[in-house]
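Q: So here's model_2.txt (compact mmCIF, C-alpha atoms).
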```
# COMPACT_ATOMS: atom_id res chain seq x y z
CA MET A 115 -2.62 3.43 -0.03
CA ALA A 116 -3.95 6.93 -0.79
CA ARG A 117 -0.82 7.75 -2.78
CA VAL A 118 -1.09 4.57 -4.83
CA CYS A 119 -4.79 5.23 -5.46
CA VAL A 120 -4.16 8.71 -6.85
CA LEU A 121 -1.34 7.52 -9.11
CA ALA A 122 -3.46 4.65 -10.39
CA LEU A 123 -6.55 6.81 -10.84
CA ALA A 124 -4.59 9.47 -12.66
CA ALA A 125 -3.07 6.88 -15.01
CA VAL A 126 -6.44 5.31 -15.74
CA LEU A 127 -8.16 8.66 -16.23
CA LEU A 128 -5.37 9.91 -18.45
CA THR A 129 -5.93 6.89 -20.69
CA ILE A 130 -9.73 7.22 -20.55
CA PHE A 131 -9.68 10.90 -21.49
CA ALA A 132 -7.59 10.18 -24.54
CA ARG A 133 -9.38 7.03 -25.66
CA VAL A 134 -12.98 8.13 -25.08
CA SER A 135 -12.36 11.45 -26.73
CA ARG A 136 -10.81 9.64 -29.70
CA SER A 137 -13.78 7.30 -30.26
CA ASP A 138 -16.35 7.28 -33.08
CA GLY A 139 -14.13 6.77 -36.06
CA GLN A 140 -11.33 9.30 -36.15
CA LYS A 141 -7.97 8.26 -34.80
CA GLY A 142 -5.71 10.83 -33.29
CA GLY A 143 -7.43 13.86 -34.80
CA GLU A 144 -7.78 15.53 -31.44
CA LEU A 145 -4.09 15.27 -30.53
CA ARG A 146 -1.39 17.64 -31.60
CA GLY A 147 1.77 15.82 -32.68
CA THR A 148 1.11 12.27 -31.42
CA PRO A 149 -1.73 9.74 -31.87
CA ARG A 150 -1.52 8.48 -28.29
CA ILE A 151 -0.45 9.96 -24.98
CA PRO A 152 1.27 7.32 -22.83
CA ALA A 153 0.15 7.03 -19.20
CA GLN A 154 3.65 7.52 -17.85
CA PHE A 155 4.81 10.02 -15.25
CA SER A 156 8.20 11.52 -14.56
CA GLY A 157 9.64 11.41 -11.05
CA GLU A 158 8.86 15.10 -10.64
CA GLU A 159 5.26 14.55 -11.70
CA ARG A 160 4.85 11.69 -9.23
CA ILE A 161 6.11 13.84 -6.38
CA GLY A 162 3.83 16.64 -7.51
CA MET A 163 0.78 14.37 -7.40
CA LYS A 164 1.63 13.18 -3.93
CA GLU A 165 2.16 16.69 -2.57
CA ALA A 166 -1.03 17.94 -4.25
CA LEU A 167 -3.08 15.28 -2.48
CA LYS A 168 -1.41 16.08 0.85
CA GLY A 169 -2.31 19.73 0.44
CA ALA A 170 -5.91 18.88 -0.41
CA ILE A 171 -6.26 16.71 2.70
CA GLN A 172 -4.96 19.55 4.89
CA ILE A 173 -7.96 21.73 3.99
CA PRO A 174 -10.76 20.70 6.39
CA THR A 175 -13.72 20.88 3.99
CA VAL A 176 -16.14 19.41 6.51
CA SER A 177 -19.89 19.13 5.98
CA PHE A 178 -21.36 19.01 9.49
CA SER A 179 -25.03 19.08 8.51
CA HIS A 180 -27.35 20.44 5.85
CA GLU A 181 -27.16 23.81 7.56
CA GLU A 182 -23.51 23.89 8.60
CA SER A 183 -20.30 23.49 6.62
CA ASN A 184 -16.78 24.85 6.91
CA THR A 185 -17.38 27.48 4.24
CA THR A 186 -13.96 29.06 4.78
CA ALA A 187 -12.31 25.76 3.90
CA LEU A 188 -14.62 25.20 0.93
CA ALA A 189 -13.62 28.57 -0.50
CA GLU A 190 -9.96 27.84 0.25
CA PHE A 191 -10.20 24.57 -1.65
CA GLY A 192 -11.40 26.44 -4.73
CA VAL A 193 -8.36 28.70 -4.56
CA TYR A 194 -6.12 25.67 -3.99
CA ILE A 195 -7.12 23.71 -7.09
CA ARG A 196 -6.64 26.81 -9.26
CA LYS A 197 -3.11 27.09 -7.86
CA VAL A 198 -2.19 23.41 -8.19
CA PHE A 199 -3.66 22.92 -11.68
CA PRO A 200 -2.89 26.19 -13.49
CA THR A 201 -3.07 24.71 -16.99
CA VAL A 202 -6.60 23.40 -16.42
CA PHE A 203 -7.86 26.81 -15.37
CA SER A 204 -6.05 28.79 -18.04
CA THR A 205 -6.78 26.68 -21.12
CA SER A 206 -9.05 28.43 -23.61
CA PHE A 207 -11.32 25.45 -24.32
CA VAL A 208 -11.87 24.67 -20.62
CA GLN A 209 -14.70 26.71 -19.11
CA HIS A 210 -14.91 26.92 -15.32
CA GLU A 211 -18.01 27.86 -13.34
CA VAL A 212 -18.70 28.02 -9.62
CA VAL A 213 -22.16 26.66 -8.79
CA GLY A 214 -23.97 26.92 -5.47
CA GLN A 215 -21.16 29.18 -4.16
CA TYR A 216 -18.57 26.41 -3.73
CA SER A 217 -19.08 23.55 -6.22
CA HIS A 218 -17.17 23.55 -9.49
CA LEU A 219 -18.29 22.71 -13.03
CA LEU A 220 -15.68 22.46 -15.77
CA THR A 221 -16.72 22.16 -19.40
CA VAL A 222 -13.98 20.82 -21.66
CA GLN A 223 -14.94 21.66 -25.25
CA GLY A 224 -14.16 18.99 -27.83
CA SER A 225 -13.44 19.56 -31.49
CA ASP A 226 -16.56 17.68 -32.66
CA PRO A 227 -19.80 19.18 -31.27
CA SER A 228 -21.87 16.38 -32.85
CA LEU A 229 -20.60 13.89 -30.25
CA GLN A 230 -22.61 13.50 -27.05
CA PRO A 231 -20.60 14.64 -24.01
CA TYR A 232 -19.88 12.62 -20.88
CA MET A 233 -19.27 13.62 -17.27
CA LEU A 234 -16.81 12.79 -14.48
CA LEU A 235 -17.97 13.46 -10.92
CA ALA A 236 -16.32 13.67 -7.52
CA HIS A 237 -16.76 15.61 -4.29
CA PHE A 238 -14.33 17.36 -1.99
CA ASP A 239 -16.36 17.75 1.18
CA VAL A 240 -15.76 15.25 3.98
CA VAL A 241 -17.55 14.09 7.12
CA PRO A 242 -16.38 15.35 10.53
CA ALA A 243 -13.25 13.71 11.93
CA PRO A 244 -12.71 13.96 15.69
CA GLU A 245 -9.05 13.28 16.48
CA GLU A 246 -9.94 10.48 18.89
CA GLY A 247 -9.24 7.15 17.23
CA TRP A 248 -6.86 8.51 14.60
CA GLU A 249 -3.20 7.48 14.62
CA VAL A 250 -2.33 10.85 13.09
CA PRO A 251 -4.28 14.13 12.99
CA PRO A 252 -7.10 13.60 10.45
CA PHE A 253 -6.29 16.71 8.43
CA SER A 254 -2.51 16.41 8.52
CA GLY A 255 -2.02 14.70 5.16
CA LEU A 256 0.90 13.00 6.89
CA GLU A 257 2.89 10.43 4.93
CA ARG A 258 3.92 7.43 6.99
CA ASP A 259 5.18 3.99 5.92
CA GLY A 260 4.28 4.65 2.30
CA PHE A 261 0.73 5.81 3.04
CA ILE A 262 -0.89 9.25 3.11
CA HIS A 263 -3.23 9.56 6.07
CA GLY A 264 -6.21 11.82 6.50
CA ARG A 265 -9.91 12.39 6.01
CA GLY A 266 -10.69 12.42 2.31
CA THR A 267 -7.85 10.22 1.06
CA LEU A 268 -10.42 7.64 -0.06
CA ASP A 269 -13.68 9.62 0.09
CA ASN A 270 -13.34 11.49 -2.16
CA LYS A 271 -10.49 13.95 -2.61
CA ASN A 272 -8.48 11.15 -4.21
CA SER A 273 -10.89 11.20 -7.16
CA VAL A 274 -11.02 15.01 -7.27
CA MET A 275 -7.25 15.31 -7.42
CA ALA A 276 -6.82 12.39 -9.84
CA ILE A 277 -9.34 13.80 -12.34
CA LEU A 278 -7.82 17.27 -12.29
CA GLN A 279 -4.28 15.86 -12.29
CA ALA A 280 -4.99 13.69 -15.34
CA LEU A 281 -6.46 16.63 -17.24
CA GLU A 282 -3.56 18.89 -16.21
CA LEU A 283 -0.98 16.39 -17.47
CA LEU A 284 -2.86 15.78 -20.71
CA LEU A 285 -3.15 19.50 -21.43
CA ILE A 286 0.58 19.93 -20.77
CA ARG A 287 1.09 17.16 -23.36
CA ASN A 288 -0.93 19.17 -25.91
CA TYR A 289 -4.15 17.21 -25.59
CA ILE A 290 -7.30 18.41 -27.34
CA PRO A 291 -10.35 16.15 -27.01
CA ARG A 292 -12.63 15.35 -29.89
CA ARG A 293 -15.58 14.64 -27.55
CA SER A 294 -16.61 17.29 -25.04
CA PHE A 295 -16.92 16.36 -21.39
CA PHE A 296 -17.81 17.85 -18.03
CA ILE A 297 -16.10 17.63 -14.65
CA SER A 298 -18.43 18.15 -11.71
CA LEU A 299 -16.90 18.65 -8.25
CA GLY A 300 -19.43 18.88 -5.43
CA HIS A 301 -19.00 20.62 -2.08
CA ASP A 302 -21.88 19.05 -0.11
CA GLU A 303 -22.21 15.42 -1.23
CA GLU A 304 -21.92 14.19 2.34
CA VAL A 305 -25.17 16.01 3.19
CA SER A 306 -27.12 15.02 0.05
CA GLY A 307 -25.68 17.49 -2.49
CA LEU A 308 -28.71 19.76 -2.58
CA ASN A 309 -26.65 22.93 -3.13
CA GLY A 310 -23.97 21.37 -5.32
CA ALA A 311 -24.85 18.38 -7.49
CA LEU A 312 -28.56 19.21 -7.63
CA LYS A 313 -27.90 22.75 -8.83
CA ILE A 314 -25.32 21.56 -11.38
CA ALA A 315 -27.86 19.04 -12.72
CA ALA A 316 -30.53 21.75 -12.97
CA LEU A 317 -28.09 24.07 -14.74
CA LEU A 318 -27.16 21.46 -17.35
CA GLN A 319 -30.77 20.44 -17.81
CA ALA A 320 -31.74 24.07 -18.46
CA ARG A 321 -29.03 24.17 -21.12
CA GLY A 322 -30.41 21.06 -22.78
CA VAL A 323 -27.35 18.94 -22.03
CA LYS A 324 -27.79 15.18 -22.46
CA LEU A 325 -24.94 12.95 -21.36
CA ALA A 326 -23.69 9.79 -23.07
CA PHE A 327 -22.62 8.46 -19.67
CA LEU A 328 -21.22 9.60 -16.34
CA VAL A 329 -18.65 8.18 -13.96
CA ASP A 330 -18.93 8.87 -10.24
CA GLU A 331 -17.07 7.61 -7.20
CA GLY A 332 -17.38 3.84 -6.98
CA SER A 333 -15.81 0.86 -5.34
CA PHE A 334 -12.20 -0.19 -4.88
CA ILE A 335 -9.75 -2.80 -6.00
CA LEU A 336 -10.57 -5.41 -3.38
CA ASP A 337 -7.86 -7.76 -2.11
CA ASP A 338 -8.49 -10.43 0.54
CA PHE A 339 -11.98 -9.00 0.92
CA ILE A 340 -14.00 -12.13 0.09
CA PRO A 341 -12.89 -15.41 1.72
CA ASN A 342 -11.30 -17.92 -0.69
CA LEU A 343 -11.03 -15.37 -3.50
CA LYS A 344 -7.28 -15.22 -4.05
CA LYS A 345 -7.06 -12.57 -6.76
CA PRO A 346 -7.68 -8.86 -6.28
CA PHE A 347 -10.62 -7.64 -8.33
CA ALA A 348 -11.93 -4.24 -9.36
CA MET A 349 -15.55 -3.76 -8.39
CA VAL A 350 -17.29 -1.58 -10.97
CA SER A 351 -20.34 -0.15 -9.22
CA VAL A 352 -23.34 0.31 -11.50
CA SER A 353 -25.91 1.13 -8.81
CA GLU A 354 -25.94 2.78 -5.41
CA LYS A 355 -28.01 2.22 -2.32
CA GLY A 356 -30.41 5.00 -1.45
CA ALA A 357 -30.56 6.68 1.94
CA LEU A 358 -33.33 7.63 4.32
CA ASP A 359 -33.11 9.21 7.78
CA LEU A 360 -36.08 8.65 10.04
CA LEU A 361 -36.75 10.45 13.31
CA LEU A 362 -38.79 8.44 15.83
CA LYS A 363 -40.25 10.60 18.59
CA VAL A 364 -42.30 9.84 21.73
CA ASN A 365 -44.15 12.65 23.52
CA MET A 366 -45.59 12.17 27.03
CA THR A 367 -46.56 14.19 30.08
CA PRO A 368 -43.42 15.01 32.07
CA GLY A 369 -43.07 13.80 35.64
CA HIS A 370 -40.75 13.38 38.61
CA SER A 371 -38.50 10.41 39.27
CA SER A 372 -39.97 10.01 42.75
CA ALA A 373 -43.28 8.86 41.24
CA PRO A 374 -42.46 7.41 37.83
CA PRO A 375 -45.18 6.17 35.47
CA LYS A 376 -45.32 2.56 34.37
CA GLU A 377 -43.76 3.54 31.05
CA THR A 378 -41.59 6.53 30.23
CA SER A 379 -40.87 8.14 26.88
CA ILE A 380 -37.37 6.69 27.02
CA GLY A 381 -38.64 3.19 27.77
CA ILE A 382 -41.27 3.25 25.02
CA LEU A 383 -38.82 4.52 22.43
CA SER A 384 -36.09 2.11 23.54
CA ALA A 385 -38.48 -0.81 23.08
CA ALA A 386 -39.45 0.46 19.63
CA VAL A 387 -35.89 0.82 18.37
CA SER A 388 -34.94 -2.52 19.92
CA ARG A 389 -37.68 -4.16 17.85
CA LEU A 390 -36.33 -2.43 14.75
CA GLU A 391 -32.82 -3.72 15.39
CA LYS A 392 -34.10 -7.24 15.99
CA THR A 393 -36.28 -7.20 12.87
CA PRO A 394 -34.05 -6.52 9.87
CA MET A 395 -35.38 -5.58 6.47
CA PRO A 396 -36.04 -8.53 4.14
CA ASN A 397 -33.16 -10.33 2.43
CA MET A 398 -33.20 -9.16 -1.20
CA PHE A 399 -30.48 -11.45 -2.57
CA GLY A 400 -31.36 -12.32 -6.15
CA SER A 401 -32.72 -8.84 -6.85
CA GLY A 402 -30.25 -6.23 -8.02
CA PRO A 403 -26.73 -6.49 -9.46
CA LEU A 404 -25.11 -8.64 -6.73
CA LYS A 405 -26.27 -11.94 -8.20
CA MET A 406 -24.67 -11.14 -11.54
CA THR A 407 -21.47 -10.09 -9.79
CA LEU A 408 -21.16 -13.42 -8.03
CA LYS A 409 -21.86 -15.28 -11.26
CA GLN A 410 -19.02 -13.39 -12.95
CA LEU A 411 -16.66 -14.22 -10.07
CA ALA A 412 -17.75 -17.85 -9.72
CA ASN A 413 -14.88 -19.45 -11.63
CA GLU A 414 -12.31 -17.52 -9.62
CA PHE A 415 -13.22 -19.50 -6.49
CA PRO A 416 -11.99 -22.98 -5.60
CA PHE A 417 -14.31 -25.98 -5.31
CA PRO A 418 -17.00 -26.19 -3.95
CA THR A 419 -17.67 -22.42 -3.91
CA ASN A 420 -17.34 -22.22 -7.70
CA MET A 421 -19.95 -24.96 -8.11
CA VAL A 422 -22.37 -23.21 -5.74
CA LEU A 423 -22.04 -19.81 -7.44
CA ASN A 424 -22.38 -21.36 -10.90
CA ASN A 425 -25.70 -22.90 -9.83
CA LEU A 426 -27.48 -20.11 -8.02
CA TRP A 427 -30.76 -21.36 -9.50
CA LEU A 428 -30.42 -24.09 -6.87
CA PHE A 429 -28.26 -22.56 -4.13
CA GLN A 430 -29.57 -18.96 -4.06
CA PRO A 431 -31.40 -19.34 -0.68
CA LEU A 432 -28.29 -20.86 0.90
CA VAL A 433 -25.99 -18.13 -0.44
CA GLY A 434 -28.41 -15.44 0.71
CA ARG A 435 -28.46 -16.84 4.26
CA LEU A 436 -24.68 -17.17 4.37
CA MET A 437 -24.23 -13.55 3.29
CA GLU A 438 -26.36 -12.43 6.23
CA LYS A 439 -23.76 -13.74 8.68
CA ASN A 440 -21.17 -11.04 7.98
CA PRO A 441 -21.96 -7.33 8.53
CA ILE A 442 -20.30 -6.29 5.27
CA THR A 443 -21.93 -8.89 3.03
CA ASN A 444 -25.20 -8.50 4.94
CA ALA A 445 -25.27 -4.88 3.78
CA LEU A 446 -25.17 -6.13 0.19
CA VAL A 447 -28.33 -8.20 0.45
CA ARG A 448 -30.75 -5.90 2.30
CA THR A 449 -31.68 -2.41 3.35
CA THR A 450 -29.71 -1.81 6.53
CA THR A 451 -31.07 -0.17 9.67
CA ALA A 452 -28.69 1.77 11.92
CA LEU A 453 -29.66 3.61 15.10
CA THR A 454 -27.26 6.55 15.02
CA MET A 455 -28.66 9.13 17.47
CA PHE A 456 -30.72 8.92 20.68
CA ASN A 457 -31.69 11.98 22.68
CA ALA A 458 -33.77 12.30 25.86
CA GLY A 459 -33.72 13.80 29.32
CA ILE A 460 -32.63 17.09 30.87
CA LYS A 461 -32.03 16.20 34.53
CA VAL A 462 -31.43 13.06 36.60
CA ASN A 463 -34.67 13.41 38.61
CA VAL A 464 -37.01 14.53 35.81
CA ILE A 465 -39.07 12.14 33.66
CA PRO A 466 -38.59 13.60 30.19
CA SER A 467 -41.63 14.61 28.15
CA MET A 468 -39.92 13.70 24.90
CA ALA A 469 -37.48 11.12 23.58
CA GLN A 470 -36.28 10.89 20.01
CA ALA A 471 -34.06 8.59 17.98
CA THR A 472 -32.65 8.90 14.49
CA LEU A 473 -32.27 5.86 12.28
CA ASN A 474 -30.29 5.77 9.06
CA PHE A 475 -31.48 3.35 6.37
CA ARG A 476 -29.36 2.43 3.35
CA ILE A 477 -31.92 1.32 0.80
CA HIS A 478 -31.36 -1.78 -1.34
CA PRO A 479 -31.79 -1.08 -5.09
CA ALA A 480 -34.77 -3.46 -5.20
CA GLN A 481 -36.72 -1.48 -2.58
CA THR A 482 -38.34 1.94 -2.64
CA VAL A 483 -38.31 4.83 -0.19
CA HIS A 484 -42.04 4.25 0.30
CA GLU A 485 -41.48 0.65 1.43
CA VAL A 486 -38.67 1.54 3.78
CA PHE A 487 -40.70 4.39 5.22
CA LEU A 488 -43.63 2.08 5.97
CA LEU A 489 -41.91 -0.98 7.46
CA PRO A 490 -40.42 0.71 10.57
CA ILE A 491 -43.87 1.99 11.60
CA GLN A 492 -45.28 -1.53 11.40
CA THR A 493 -42.31 -2.95 13.31
CA ALA A 494 -42.20 -0.25 16.02
CA GLY A 495 -45.80 -1.15 16.82
CA THR A 496 -46.83 1.68 19.12
CA THR A 497 -49.39 4.44 18.67
CA ALA A 498 -47.32 6.65 20.97
CA THR A 499 -44.59 6.86 18.36
CA SER A 500 -44.88 9.43 15.57
CA LEU A 501 -42.60 9.25 12.58
CA VAL A 502 -40.83 12.06 10.77
CA ALA A 503 -38.70 11.44 7.68
CA SER A 504 -35.97 14.06 7.50
CA ILE A 505 -33.53 14.23 4.60
CA CYS A 506 -33.71 11.29 2.29
CA SER A 507 -32.61 10.02 -1.09
CA THR A 508 -35.55 11.61 -2.93
CA PRO A 509 -36.00 15.35 -2.30
CA SER A 510 -39.79 15.13 -2.78
CA THR A 511 -40.09 12.85 0.27
CA CYS A 512 -37.82 14.87 2.53
CA ASN A 513 -39.25 16.42 5.70
CA HIS A 514 -42.47 14.43 5.37
CA ARG A 515 -44.37 13.81 8.59
CA ALA A 516 -46.47 10.68 8.69
CA SER A 517 -49.80 11.03 10.44
CA ARG A 518 -51.68 7.99 11.67
CA ALA A 519 -54.24 8.42 8.86
CA SER A 520 -51.55 8.62 6.20
CA MET A 521 -49.83 5.55 7.60
CA ASP A 522 -53.10 3.59 7.50
CA SER A 523 -53.49 4.61 3.87
CA MET A 524 -49.91 3.55 3.12
CA ARG A 525 -50.48 0.17 4.79
CA LYS A 526 -53.56 -0.50 2.64
CA SER A 527 -51.69 0.53 -0.49
CA GLN A 528 -48.74 -1.67 0.44
CA SER A 529 -51.06 -4.61 1.18
CA ARG A 530 -52.68 -4.32 -2.23
CA ARG A 531 -49.32 -4.03 -3.96
CA MET A 532 -47.91 -7.12 -2.24
CA ARG A 533 -51.07 -9.27 -2.64
CA PRO A 534 -50.44 -12.20 -5.05
CA ARG A 535 -52.12 -11.86 -8.41
```
Re-express the file's structure as structure tokens.
A:
Amino acid sequence: MARVCVLALAAVLLTIFARVSRSDGQKGGELRGTPRIPAQFSGEERIGMKEALKGAIQIPTVSFSHEESNTTALAEFGVYIRKVFPTVFSTSFVQHEVVGQYSHLLTVQGSDPSLQPYMLLAHFDVVPAPEEGWEVPPFSGLERDGFIHGRGTLDNKNSVMAILQALELLLIRNYIPRRSFFISLGHDEEVSGLNGALKIAALLQARGVKLAFLVDEGSFILDDFIPNLKKPFAMVSVSEKGALDLLLKVNMTPGHSSAPPKETSIGILSAAVSRLEKTPMPNMFGSGPLKMTLKQLANEFPFPTNMVLNNLWLFQPLVGRLMEKNPITNALVRTTTALTMFNAGIKVNVIPSMAQATLNFRIHPAQTVHEVFLLPIQTAGTTATSLVASICSTPSTCNHRASRASMDSMRKSQSRRMRPR
């Protein structure tokens, strides 16, 4: 699957580069010798793409946390792409910069500076991959049964390699764009991109760059993903859920297991997170892009699904409730709450003084960080629980500790905002 994805992405990007750069009136002025570059690959080029992706997967560019990454691998990856795509890094009108020590920004200068540039984004860091549960070693890049296996084959080294591969092949075919564009390759996207994407954005903003559009990693070509939808379809993602990590912590006087208190820090926190799991965020179906997506797909379904989706003015509540039943479609209609870490205790006979749990929220486009920050406090329902928001979708709200007074203020503000007018 990874091999097919890279070939397909490279073909699509090769066509996009040529067509977008050729827009705004002139036809073929940016190409030397031919008005169009066909998206066709030789056998040697196909093998080269496959081997390039394998090599990329074998470099363990892991982001462990905001403080810890495999910096040796990140540096190695920079050396690797220069080796695999020599034409990209030696072409006179392609400028390469390293940002934030390991991220890469390429500026491809077009022949017409009056045209607004665009940007292609991808990232080459990956999340940790313990070998347990993998059929093959996660950083082997092993090819088996027509598939390339490994961490990063779909998130997101496939995009990194496809973008660079498409540009490499176009440059070999004497491509010169009319419209300038940027390629941004981040090294810490999996831990919020504060040293990569954020610094690249600040750099371009300082230079006064304004983009016509940008294309980042998105969805897939989905086949047999939605029941009764027989055709594969390409999901073009035009929005992304936000993210918020909340740390719930209970502090109490420590004790001994021989004389336990009525409630312990572990018990109080367990009850709080249990309430959070049993009280999901509100169903937001009808707000955001999902409703339009289903309308566009309606006629691809058999009866009676097509009738229902063509009349969401009537059936919207029913569709929203049905989507809640499946974990995947449920994630499309609401902000999700996931308890991902729970820590407490130091010894079997000691009542711990502190228990803490980390919850990861993926925020629906129709909700705000403020709303998601407030609702868990109301749901947890205990004055013994203090809330800390650590690392979130909006840097200004990161590492914010909510005091009881500030939470009371937020509740009043939220009540006024939600009061009918």
Q: So which residues fall inside 12 Å of (-28.0, 22.5, 4.3) if we count all atoms listed in the file? Mind giving them as a PyMOL selection string?
A: chain A and resi 177-185+214+301-310+505
Q: Excluding Pro252 (chain A) and its own-chain neighbours fewer than 4 positions away, which residues fall within 8 Å of it when counting all atoms listed in the file? Please give them as a list in words.
A: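 Non-adjacent residues within range: Ala243, Pro244, Glu245, Trp248, His263, Gly264 and Arg265 of chain A.
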Q: Output the selection as a compact mmCIF listing (two decimals), keeping the file's coordinate frame - C-alpha atoms for each residue.
A:
```
# COMPACT_ATOMS: atom_id res chain seq x y z
CA ALA A 243 -13.25 13.71 11.93
CA PRO A 244 -12.71 13.96 15.69
CA GLU A 245 -9.05 13.28 16.48
CA TRP A 248 -6.86 8.51 14.60
CA HIS A 263 -3.23 9.56 6.07
CA GLY A 264 -6.21 11.82 6.50
CA ARG A 265 -9.91 12.39 6.01
```
Q: So the first atom is CA of Ser294 (chain A) and the second is CA of Gln223 (chain A); what is the distance between them in Å, to one decimal place?
A: 4.7 Å
Q: Show which residues sit within 8 Å of Ala326 (chain A), as a compact mmCIF listing (two decimals) with C-alpha atoms, keeping the file's coordinate frame. Count only C-alpha atoms, and ignore same-chain residues fewer than 5 positions away.
A:
```
# COMPACT_ATOMS: atom_id res chain seq x y z
CA GLN A 230 -22.61 13.50 -27.05
CA PRO A 231 -20.60 14.64 -24.01
CA TYR A 232 -19.88 12.62 -20.88
```
Q: Please report, as JSON, the centre and edge lengths in Å to one decimal of an axis-aligned box covering all listed atoms of region 318-333 of chain A with 8 Å per side.
A:
```
{"center_x": -23.8, "center_y": 12.5, "center_z": -14.2, "size_x": 31.9, "size_y": 39.3, "size_z": 33.7}
```
Q: I'd like to know which of A:Val193, A:Val176, A:Ala187, A:Ala373 is closest to Val241 (chain A), using all atoms listed in the file.
A: A:Val176
Q: Which residues come within 10 Å of region 313-318 of chain A, counting all atoms listed in the file, excluding same-chain residues fewer than 5 positions away, as a ChimeraX atom specification?
A: /A:211-214,217-219,298-300,307-308,323-325
Q: From the list A:Leu362, A:Met395, A:Leu489, A:Leu446, which residue is nearest Gln470 (chain A) when using all atoms listed in the file?
A: A:Leu362
Q: Work out how far apart CA of Asn342 (chain A) and CA of Ile477 (chain A) are and give it in Å to one decimal.
A: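 CA of Asn342 (chain A) sits 28.2 Å away from CA of Ile477 (chain A).
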